[in-house]
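One file, final-v9.cif, carrying mmCIF, C-alpha atoms:
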data_my_file
loop_
_atom_site.group_PDB
_atom_site.id
_atom_site.type_symbol
_atom_site.label_atom_id
_atom_site.label_comp_id
_atom_site.auth_asym_id
_atom_site.auth_seq_id
_atom_site.Cartn_x
_atom_site.Cartn_y
_atom_site.Cartn_z
ATOM 1 C CA MET U 3 -16.621 9.238 18.794
ATOM 2 C CA ILE U 4 -15.054 11.791 16.495
ATOM 3 C CA GLN U 5 -17.384 13.253 13.888
ATOM 4 C CA GLY U 6 -20.089 10.690 14.592
ATOM 5 C CA ILE U 7 -18.419 7.815 12.772
ATOM 6 C CA PRO U 8 -17.759 4.672 14.833
ATOM 7 C CA LEU U 9 -14.311 3.091 14.810
ATOM 8 C CA GLU U 10 -15.672 -0.159 13.405
ATOM 9 C CA HIS U 11 -16.611 1.398 10.079
ATOM 10 C CA PHE U 12 -13.038 2.434 9.409
ATOM 11 C CA LEU U 13 -11.854 -1.046 10.387
ATOM 12 C CA ILE U 14 -14.394 -2.741 8.111
ATOM 13 C CA VAL U 15 -13.329 -0.609 5.145
ATOM 14 C CA SER U 16 -9.663 -1.413 5.695
ATOM 15 C CA THR U 17 -10.408 -5.112 6.220
ATOM 16 C CA ILE U 18 -12.287 -5.372 2.941
ATOM 17 C CA MET U 19 -9.489 -3.490 1.190
ATOM 18 C CA PHE U 20 -6.899 -5.861 2.684
ATOM 19 C CA PHE U 21 -8.711 -8.946 1.454
ATOM 20 C CA ILE U 22 -9.307 -7.427 -1.977
ATOM 21 C CA GLY U 23 -5.517 -7.072 -2.096
ATOM 22 C CA VAL U 24 -5.046 -10.713 -1.047
ATOM 23 C CA CYS U 25 -7.539 -11.849 -3.676
ATOM 24 C CA GLY U 26 -5.753 -9.830 -6.369
ATOM 25 C CA PHE U 27 -2.440 -11.295 -5.327
ATOM 26 C CA ILE U 28 -3.835 -14.792 -5.797
ATOM 27 C CA ILE U 29 -5.757 -14.390 -9.050
ATOM 28 C CA ARG U 30 -3.395 -12.171 -11.062
ATOM 29 C CA ARG U 31 -0.369 -13.623 -12.817
ATOM 30 C CA ASN U 32 1.374 -10.412 -13.773
ATOM 31 C CA LEU U 33 4.239 -9.169 -11.627
ATOM 32 C CA ILE U 34 3.269 -5.491 -11.729
ATOM 33 C CA THR U 35 -0.356 -6.232 -10.870
ATOM 34 C CA MET U 36 0.796 -8.362 -7.955
ATOM 35 C CA LEU U 37 2.916 -5.425 -6.804
ATOM 36 C CA MET U 38 -0.161 -3.207 -6.951
ATOM 37 C CA ALA U 39 -2.069 -5.725 -4.821
ATOM 38 C CA ILE U 40 0.726 -5.550 -2.241
ATOM 39 C CA GLU U 41 0.432 -1.765 -2.229
ATOM 40 C CA LEU U 42 -3.293 -2.140 -1.504
ATOM 41 C CA ILE U 43 -2.511 -4.432 1.446
ATOM 42 C CA LEU U 44 0.079 -2.060 2.911
ATOM 43 C CA ASN U 45 -2.251 0.888 2.476
ATOM 44 C CA SER U 46 -5.080 -0.821 4.349
ATOM 45 C CA VAL U 47 -2.734 -1.591 7.246
ATOM 46 C CA ASN U 48 -1.778 2.089 7.301
ATOM 47 C CA ILE U 49 -5.412 3.094 7.669
ATOM 48 C CA ASN U 50 -5.721 0.710 10.615
ATOM 49 C CA PHE U 51 -2.708 2.179 12.409
ATOM 50 C CA VAL U 52 -3.813 5.774 11.955
ATOM 51 C CA VAL U 53 -7.403 5.106 13.005
ATOM 52 C CA PHE U 54 -6.387 3.209 16.139
ATOM 53 C CA ASN U 55 -4.089 6.062 17.035
ATOM 54 C CA ARG U 56 -6.853 8.605 16.555
ATOM 55 C CA TYR U 57 -9.622 6.808 18.392
ATOM 56 C CA LEU U 58 -7.905 4.840 21.138
ATOM 57 C CA TYR U 59 -4.767 6.846 22.008
ATOM 58 C CA PRO U 60 -5.302 10.437 20.889
ATOM 59 C CA ASP U 61 -2.593 11.727 23.245
ATOM 60 C CA GLN U 62 0.226 9.851 21.482
ATOM 61 C CA LEU U 63 1.597 9.576 17.974
ATOM 62 C CA GLN U 64 2.665 5.927 17.752
ATOM 63 C CA GLY U 65 0.279 4.838 15.023
ATOM 64 C CA GLN U 66 1.188 7.787 12.883
ATOM 65 C CA PHE U 67 4.902 7.052 13.164
ATOM 66 C CA PHE U 68 4.414 3.417 12.340
ATOM 67 C CA SER U 69 2.409 4.247 9.246
ATOM 68 C CA LEU U 70 5.144 6.709 8.236
ATOM 69 C CA PHE U 71 7.705 3.908 8.491
ATOM 70 C CA ILE U 72 5.427 1.574 6.536
ATOM 71 C CA VAL U 73 5.161 4.159 3.755
ATOM 72 C CA GLY U 74 8.954 4.380 3.652
ATOM 73 C CA ILE U 75 9.344 0.611 3.516
ATOM 74 C CA ALA U 76 6.705 0.424 0.779
ATOM 75 C CA ALA U 77 8.655 2.943 -1.282
ATOM 76 C CA ALA U 78 11.890 0.956 -0.867
ATOM 77 C CA GLU U 79 10.117 -2.300 -1.697
ATOM 78 C CA ALA U 80 8.492 -0.845 -4.806
ATOM 79 C CA SER U 81 11.774 0.531 -6.127
ATOM 80 C CA VAL U 82 13.648 -2.752 -5.690
ATOM 81 C CA ALA U 83 10.742 -4.781 -7.078
ATOM 82 C CA ILE U 84 10.501 -2.600 -10.172
ATOM 83 C CA ALA U 85 14.253 -2.856 -10.737
ATOM 84 C CA LEU U 86 13.897 -6.652 -10.582
ATOM 85 C CA ILE U 87 10.883 -6.594 -12.909
ATOM 86 C CA ILE U 88 12.707 -4.521 -15.514
ATOM 87 C CA ASN U 89 15.682 -6.867 -15.324
ATOM 88 C CA ILE U 90 13.418 -9.898 -15.748
ATOM 89 C CA TYR U 91 11.764 -8.221 -18.733
ATOM 90 C CA ARG U 92 15.157 -7.667 -20.356
ATOM 91 C CA LYS U 93 16.033 -11.340 -19.988
ATOM 92 C CA MET U 94 12.703 -12.995 -20.828
ATOM 93 C CA GLN U 95 10.672 -10.377 -22.751
ATOM 94 C CA ASN U 96 7.601 -10.734 -20.543
ATOM 95 C CA ILE U 97 6.725 -10.588 -16.874
ATOM 96 C CA GLU U 98 4.081 -13.261 -16.385
ATOM 97 C CA VAL U 99 5.017 -15.359 -13.367
ATOM 98 C CA GLU U 100 4.418 -18.637 -15.203
ATOM 99 C CA ASN U 101 7.181 -17.801 -17.656
ATOM 100 C CA VAL U 102 9.707 -16.822 -15.021
ATOM 101 C CA ASN U 103 10.776 -20.354 -14.214
ATOM 102 C CA GLU U 104 14.485 -20.247 -14.746
ATOM 103 C CA LEU U 105 15.318 -20.611 -11.081
ATOM 104 C CA LYS U 106 12.755 -23.368 -10.614
ATOM 105 C CA PHE U 107 14.122 -26.710 -9.505
ATOM 106 C CA MET W 5 -21.235 16.486 6.180
ATOM 107 C CA ASN W 6 -18.369 14.536 7.768
ATOM 108 C CA VAL W 7 -20.384 11.350 7.681
ATOM 109 C CA PHE W 8 -21.221 11.886 4.031
ATOM 110 C CA MET W 9 -17.547 12.527 3.202
ATOM 111 C CA PHE W 10 -16.503 9.380 5.057
ATOM 112 C CA TYR W 11 -18.911 7.163 3.176
ATOM 113 C CA MET W 12 -17.954 8.783 -0.135
ATOM 114 C CA PHE W 13 -14.247 8.135 0.497
ATOM 115 C CA SER W 14 -14.978 4.570 1.617
ATOM 116 C CA GLY W 15 -17.036 3.959 -1.493
ATOM 117 C CA ILE W 16 -14.242 5.268 -3.708
ATOM 118 C CA ILE W 17 -11.689 3.110 -1.881
ATOM 119 C CA LEU W 18 -13.723 -0.078 -2.107
ATOM 120 C CA ILE W 19 -14.919 0.315 -5.706
ATOM 121 C CA CYS W 20 -11.552 1.420 -7.053
ATOM 122 C CA SER W 21 -9.611 -1.283 -5.220
ATOM 123 C CA LEU W 22 -12.019 -3.858 -6.616
ATOM 124 C CA LEU W 23 -11.520 -2.412 -10.098
ATOM 125 C CA THR W 24 -7.726 -2.437 -9.619
ATOM 126 C CA ILE W 25 -7.650 -6.203 -9.432
ATOM 127 C CA THR W 26 -10.455 -6.936 -11.909
ATOM 128 C CA THR W 27 -9.702 -4.627 -14.823
ATOM 129 C CA ARG W 28 -8.014 -6.222 -17.804
ATOM 130 C CA ARG W 29 -5.925 -3.235 -18.847
ATOM 131 C CA ILE W 30 -2.899 -2.703 -16.669
ATOM 132 C CA LEU W 31 -2.645 1.062 -17.108
ATOM 133 C CA ARG W 32 -6.221 1.453 -15.902
ATOM 134 C CA ALA W 33 -5.343 -0.680 -12.890
ATOM 135 C CA ALA W 34 -2.591 1.810 -12.036
ATOM 136 C CA VAL W 35 -5.000 4.743 -12.339
ATOM 137 C CA TYR W 36 -7.547 3.019 -10.096
ATOM 138 C CA LEU W 37 -4.769 2.395 -7.568
ATOM 139 C CA LEU W 38 -4.050 6.133 -7.690
ATOM 140 C CA CYS W 39 -7.734 6.819 -6.888
ATOM 141 C CA VAL W 40 -7.536 4.459 -3.885
ATOM 142 C CA LEU W 41 -4.457 6.216 -2.539
ATOM 143 C CA LEU W 42 -5.976 9.676 -2.999
ATOM 144 C CA ALA W 43 -9.154 8.652 -1.175
ATOM 145 C CA THR W 44 -7.012 7.264 1.644
ATOM 146 C CA ALA W 45 -5.286 10.632 1.904
ATOM 147 C CA GLY W 46 -8.771 12.139 2.179
ATOM 148 C CA LEU W 47 -9.513 9.846 5.120
ATOM 149 C CA TYR W 48 -6.331 11.020 6.850
ATOM 150 C CA PHE W 49 -7.371 14.635 6.333
ATOM 151 C CA MET W 50 -10.721 13.805 7.933
ATOM 152 C CA LEU W 51 -8.917 12.377 10.954
ATOM 153 C CA ASN W 52 -6.955 15.645 11.323
ATOM 154 C CA TYR W 53 -3.587 14.104 10.522
ATOM 155 C CA GLN W 54 -2.449 16.570 7.906
ATOM 156 C CA PHE W 55 1.190 15.494 7.888
ATOM 157 C CA MET W 56 0.284 11.858 7.319
ATOM 158 C CA ALA W 57 -2.034 12.850 4.477
ATOM 159 C CA ALA W 58 0.690 14.952 2.873
ATOM 160 C CA VAL W 59 3.132 12.042 3.089
ATOM 161 C CA GLN W 60 0.510 9.784 1.555
ATOM 162 C CA LEU W 61 -0.039 12.208 -1.304
ATOM 163 C CA THR W 62 3.605 12.859 -2.098
ATOM 164 C CA LEU W 63 5.160 9.464 -1.456
ATOM 165 C CA TYR W 64 2.392 7.064 -2.438
ATOM 166 C CA ALA W 65 0.337 8.936 -4.980
ATOM 167 C CA GLY W 66 3.249 10.954 -6.310
ATOM 168 C CA GLY W 67 6.133 8.532 -6.051
ATOM 169 C CA ILE W 68 5.090 4.915 -6.125
ATOM 170 C CA VAL W 69 2.297 5.268 -8.671
ATOM 171 C CA VAL W 70 4.574 7.181 -11.045
ATOM 172 C CA LEU W 71 7.192 4.447 -10.616
ATOM 173 C CA ILE W 72 4.599 1.767 -11.371
ATOM 174 C CA ILE W 73 3.329 3.630 -14.446
ATOM 175 C CA PHE W 74 6.890 4.021 -15.708
ATOM 176 C CA SER W 75 7.548 0.325 -15.393
ATOM 177 C CA ILE W 76 4.226 -0.482 -17.085
ATOM 178 C CA LEU W 77 5.177 1.694 -20.010
ATOM 179 C CA LEU W 78 8.585 0.039 -20.206
ATOM 180 C CA THR W 79 7.309 -3.521 -20.102
ATOM 181 C CA HIS W 80 3.883 -3.599 -21.772
ATOM 182 C CA HIS W 81 2.296 -2.769 -25.052
ATOM 183 C CA ILE W 82 -0.458 -0.240 -24.560
ATOM 184 C CA THR W 83 -3.076 -2.487 -26.137
ATOM 185 C CA HIS W 84 -2.180 -5.456 -23.965
ATOM 186 C CA ARG W 85 -5.116 -7.182 -22.264
ATOM 187 C CA PHE W 86 -4.884 -9.782 -19.568
ATOM 188 C CA LYS W 87 -6.176 -13.245 -20.092
ATOM 189 C CA HIS W 88 -8.981 -14.272 -17.819
ATOM 190 C CA PRO W 89 -7.614 -16.186 -14.822
ATOM 191 C CA ASN W 90 -8.554 -19.830 -14.707
ATOM 192 C CA LEU W 91 -11.569 -20.846 -12.703
ATOM 193 C CA ALA W 92 -9.854 -22.781 -9.916
ATOM 194 C CA LYS W 93 -7.559 -19.866 -9.107
ATOM 195 C CA LEU W 94 -10.457 -17.420 -9.223
ATOM 196 C CA LEU W 95 -12.558 -19.520 -6.854
ATOM 197 C CA MET W 96 -9.588 -19.999 -4.543
ATOM 198 C CA GLY W 97 -8.875 -16.286 -4.377
ATOM 199 C CA ILE W 98 -12.458 -15.245 -3.829
ATOM 200 C CA GLY W 99 -12.945 -17.994 -1.256
ATOM 201 C CA ALA W 100 -9.842 -17.005 0.706
ATOM 202 C CA ALA W 101 -10.854 -13.346 0.628
ATOM 203 C CA ALA W 102 -14.459 -14.065 1.662
ATOM 204 C CA ILE W 103 -13.552 -16.399 4.518
ATOM 205 C CA GLY W 104 -10.794 -14.135 5.791
ATOM 206 C CA SER W 105 -12.799 -10.932 5.664
ATOM 207 C CA GLY W 106 -15.781 -12.632 7.279
ATOM 208 C CA LEU W 107 -13.670 -13.855 10.174
ATOM 209 C CA VAL W 108 -11.938 -10.522 10.688
ATOM 210 C CA ILE W 109 -15.148 -8.481 10.494
ATOM 211 C CA ALA W 110 -16.862 -10.821 12.954
ATOM 212 C CA THR W 111 -13.931 -10.367 15.343
ATOM 213 C CA ILE W 112 -13.991 -6.589 14.951
ATOM 214 C CA LEU W 113 -17.720 -6.363 15.594
ATOM 215 C CA SER W 114 -17.581 -8.573 18.676
ATOM 216 C CA HIS W 115 -14.644 -6.782 20.302
ATOM 217 C CA PRO W 116 -15.492 -3.863 22.611
ATOM 218 C CA PHE W 117 -13.090 -1.026 21.846
ATOM 219 C CA GLN W 118 -12.421 1.357 24.700
ATOM 220 C CA ALA W 119 -12.233 4.844 23.280
ATOM 221 C CA GLY W 120 -9.329 6.843 24.624
ATOM 222 C CA THR W 121 -10.242 9.486 27.175
ATOM 223 C CA ALA W 122 -6.885 11.252 27.284
ATOM 224 C CA PRO W 123 -6.808 14.849 26.099
ATOM 225 C CA GLU W 124 -6.163 15.164 22.421
ATOM 226 C CA LEU W 125 -2.631 16.016 21.352
ATOM 227 C CA LYS W 126 -2.245 18.925 18.985
ATOM 228 C CA VAL W 127 -0.425 17.370 16.065
ATOM 229 C CA ASN W 128 1.809 19.970 14.530
ATOM 230 C CA MET W 129 5.126 19.684 12.761
ATOM 231 C CA THR W 130 7.147 20.689 15.833
ATOM 232 C CA GLU W 131 5.638 17.875 17.866
ATOM 233 C CA ILE W 132 6.221 15.315 15.111
ATOM 234 C CA GLY W 133 9.829 16.386 14.581
ATOM 235 C CA ASN W 134 10.622 16.391 18.296
ATOM 236 C CA GLN W 135 9.172 12.929 18.860
ATOM 237 C CA LEU W 136 10.746 11.485 15.734
ATOM 238 C CA LEU W 137 14.249 12.512 16.756
ATOM 239 C CA SER W 138 14.111 12.178 20.537
ATOM 240 C CA THR W 139 15.714 9.331 22.468
ATOM 241 C CA GLY W 140 13.550 9.650 25.557
ATOM 242 C CA LYS W 141 9.941 8.684 26.166
ATOM 243 C CA ASN W 142 7.829 8.630 22.983
ATOM 244 C CA GLY W 143 11.035 8.915 20.971
ATOM 245 C CA TYR W 144 11.458 7.160 17.670
ATOM 246 C CA VAL W 145 15.063 7.839 16.741
ATOM 247 C CA LEU W 146 16.031 4.165 16.397
ATOM 248 C CA PRO W 147 13.435 3.201 13.744
ATOM 249 C CA PHE W 148 14.152 6.541 12.068
ATOM 250 C CA GLU W 149 17.836 5.659 11.675
ATOM 251 C CA LEU W 150 16.991 2.090 10.676
ATOM 252 C CA ILE W 151 14.697 3.246 7.922
ATOM 253 C CA SER W 152 17.269 5.699 6.629
ATOM 254 C CA ILE W 153 19.794 2.860 6.297
ATOM 255 C CA LEU W 154 17.124 0.691 4.667
ATOM 256 C CA LEU W 155 16.312 3.400 2.133
ATOM 257 C CA LEU W 156 19.997 3.850 1.293
ATOM 258 C CA ALA W 157 20.418 0.097 0.827
ATOM 259 C CA ALA W 158 17.293 -0.088 -1.342
ATOM 260 C CA MET W 159 18.478 2.798 -3.490
ATOM 261 C CA ILE W 160 21.880 1.194 -4.107
ATOM 262 C CA ALA W 161 20.241 -2.190 -4.719
ATOM 263 C CA ALA W 162 17.810 -0.753 -7.266
ATOM 264 C CA ILE W 163 20.637 0.932 -9.168
ATOM 265 C CA VAL W 164 22.829 -2.182 -9.129
ATOM 266 C CA ILE W 165 20.024 -4.507 -10.218
ATOM 267 C CA ALA W 166 18.580 -2.361 -12.981
ATOM 268 C CA LYS W 167 21.899 -1.269 -14.467
ATOM 269 C CA LYS W 168 22.888 -2.816 -17.774
ATOM 270 C CA ASP W 169 26.187 -4.657 -17.610
ATOM 271 C CA LYS W 170 28.467 -3.130 -20.199
ATOM 272 C CA ASN W 171 30.487 -6.146 -21.289
ATOM 273 C CA LYS W 172 28.647 -9.350 -20.721
ATOM 274 C CA ASN W 173 31.662 -11.600 -21.298
ATOM 275 C CA SER W 174 33.745 -10.438 -18.358
ATOM 276 C CA GLU W 175 32.465 -11.967 -15.154
ATOM 277 C CA ILE W 176 32.779 -9.605 -12.223
#

As structure tokens - that is how I would like this structure written.
Amino acid sequence: MIQGIPLEHFLIVSTIMFFIGVCGFIIRRNLITMLMAIELILNSVNINFVVFNRYLYPDQLQGQFFSLFIVGIAAAEASVAIALIINIYRKMQNIEVENVNELKF
Amino acid sequence: MNVFMFYMFSGIILICSLLTITTRRILRAAVYLLCVLLATAGLYFMLNYQFMAAVQLTLYAGGIVVLIIFSILLTHHITHRFKHPNLAKLLMGIGAAAIGSGLVIATILSHPFQAGTAPELKVNMTEIGNQLLSTGKNGYVLPFELISILLLAAMIAAIVIAKKDKNKNSEI
């Protein structure tokens, strides 16, 4: 519709990005890399919201507001997660998830 | 021109996000993540949402990536390489990603999307500010207030968690 690019191409890009994030979350064992995979997932969802807003409801701003709120929540989540990671590093000297087993039953 | 830009940005997003999870040096992974976020901001500019693109650039590419790089520098040696993940986990991850993306793409391609016919809204800062702080129709003041409280709570939580306790013997 806009600029000669169909909506589906945007959705396919964000879908592939989402599942790359899921795959990275499963195969990596480092806390910071897992955090980066979560950022990829959130970012792909943002693209979806903005594109749906642009193509399907161009007279409203709902998708844009929701992606703004997601960006805010991602910032809060990253700050708390990094505080936790630094604390874990102080206690255990590394941040591989296999070694963080103190709370394990 | 627009089509070419779109496919260039998509290529950057896909290749760099793949490299983010496959590279064995963690600092490079952070830089590839930065490339993904910048290309996403480019997509927002293409869609004519300048404010969203600016937020993406400042908050994501400026804030979160810098935070991640800081924590990498605090917790890793610069020469650190990851071990290869074991085969079962690798197969599981790739399998989950392949099955999931196949299903979702099949659903997307089979669903008929009705393009909106309403007249396009001029997105300027006045419009965004009015809608964000209005309580009437198309008003978003409740999530706005909620997210401000959430950000305050997260800020206090980050300070409390990351702070060193001065005297470890006294239990507070």

Quick one: residues within 7 Å of Ser81 in chain U, all atoms listed in the file counted, chain neighbours fewer than 4 positions away excluded, as a list in words? Ala77 and Ala85 of chain U; Ala162 of chain W

Residue list as a PyMOL selection string for point (-4.5, -9.6, -1.9), cut-off 10 Å, all atoms listed in the file: (chain U and resi 19-30+36-43) or (chain W and resi 25+97-98+100-101)

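Atom pair CA of Leu51 in chain W / CA of Arg56 in chain U: separated by 7.1 Å.
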
Residues of chain U near chain W: apply a cut-off of 8 Å, count only C-alpha atoms, and supply the list as number ranges by chain. U: 3, 5-7, 10, 13-15, 17-19, 21-26, 28-31, 34-35, 38-39, 42, 45, 49, 52-53, 56-64, 66-67, 70-71, 73-75, 77-82, 84-86, 88-89, 91, 96-97

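Put simply, CA of Thr27 in chain W is 28.4 Å away from CA of Ala58 in chain W.
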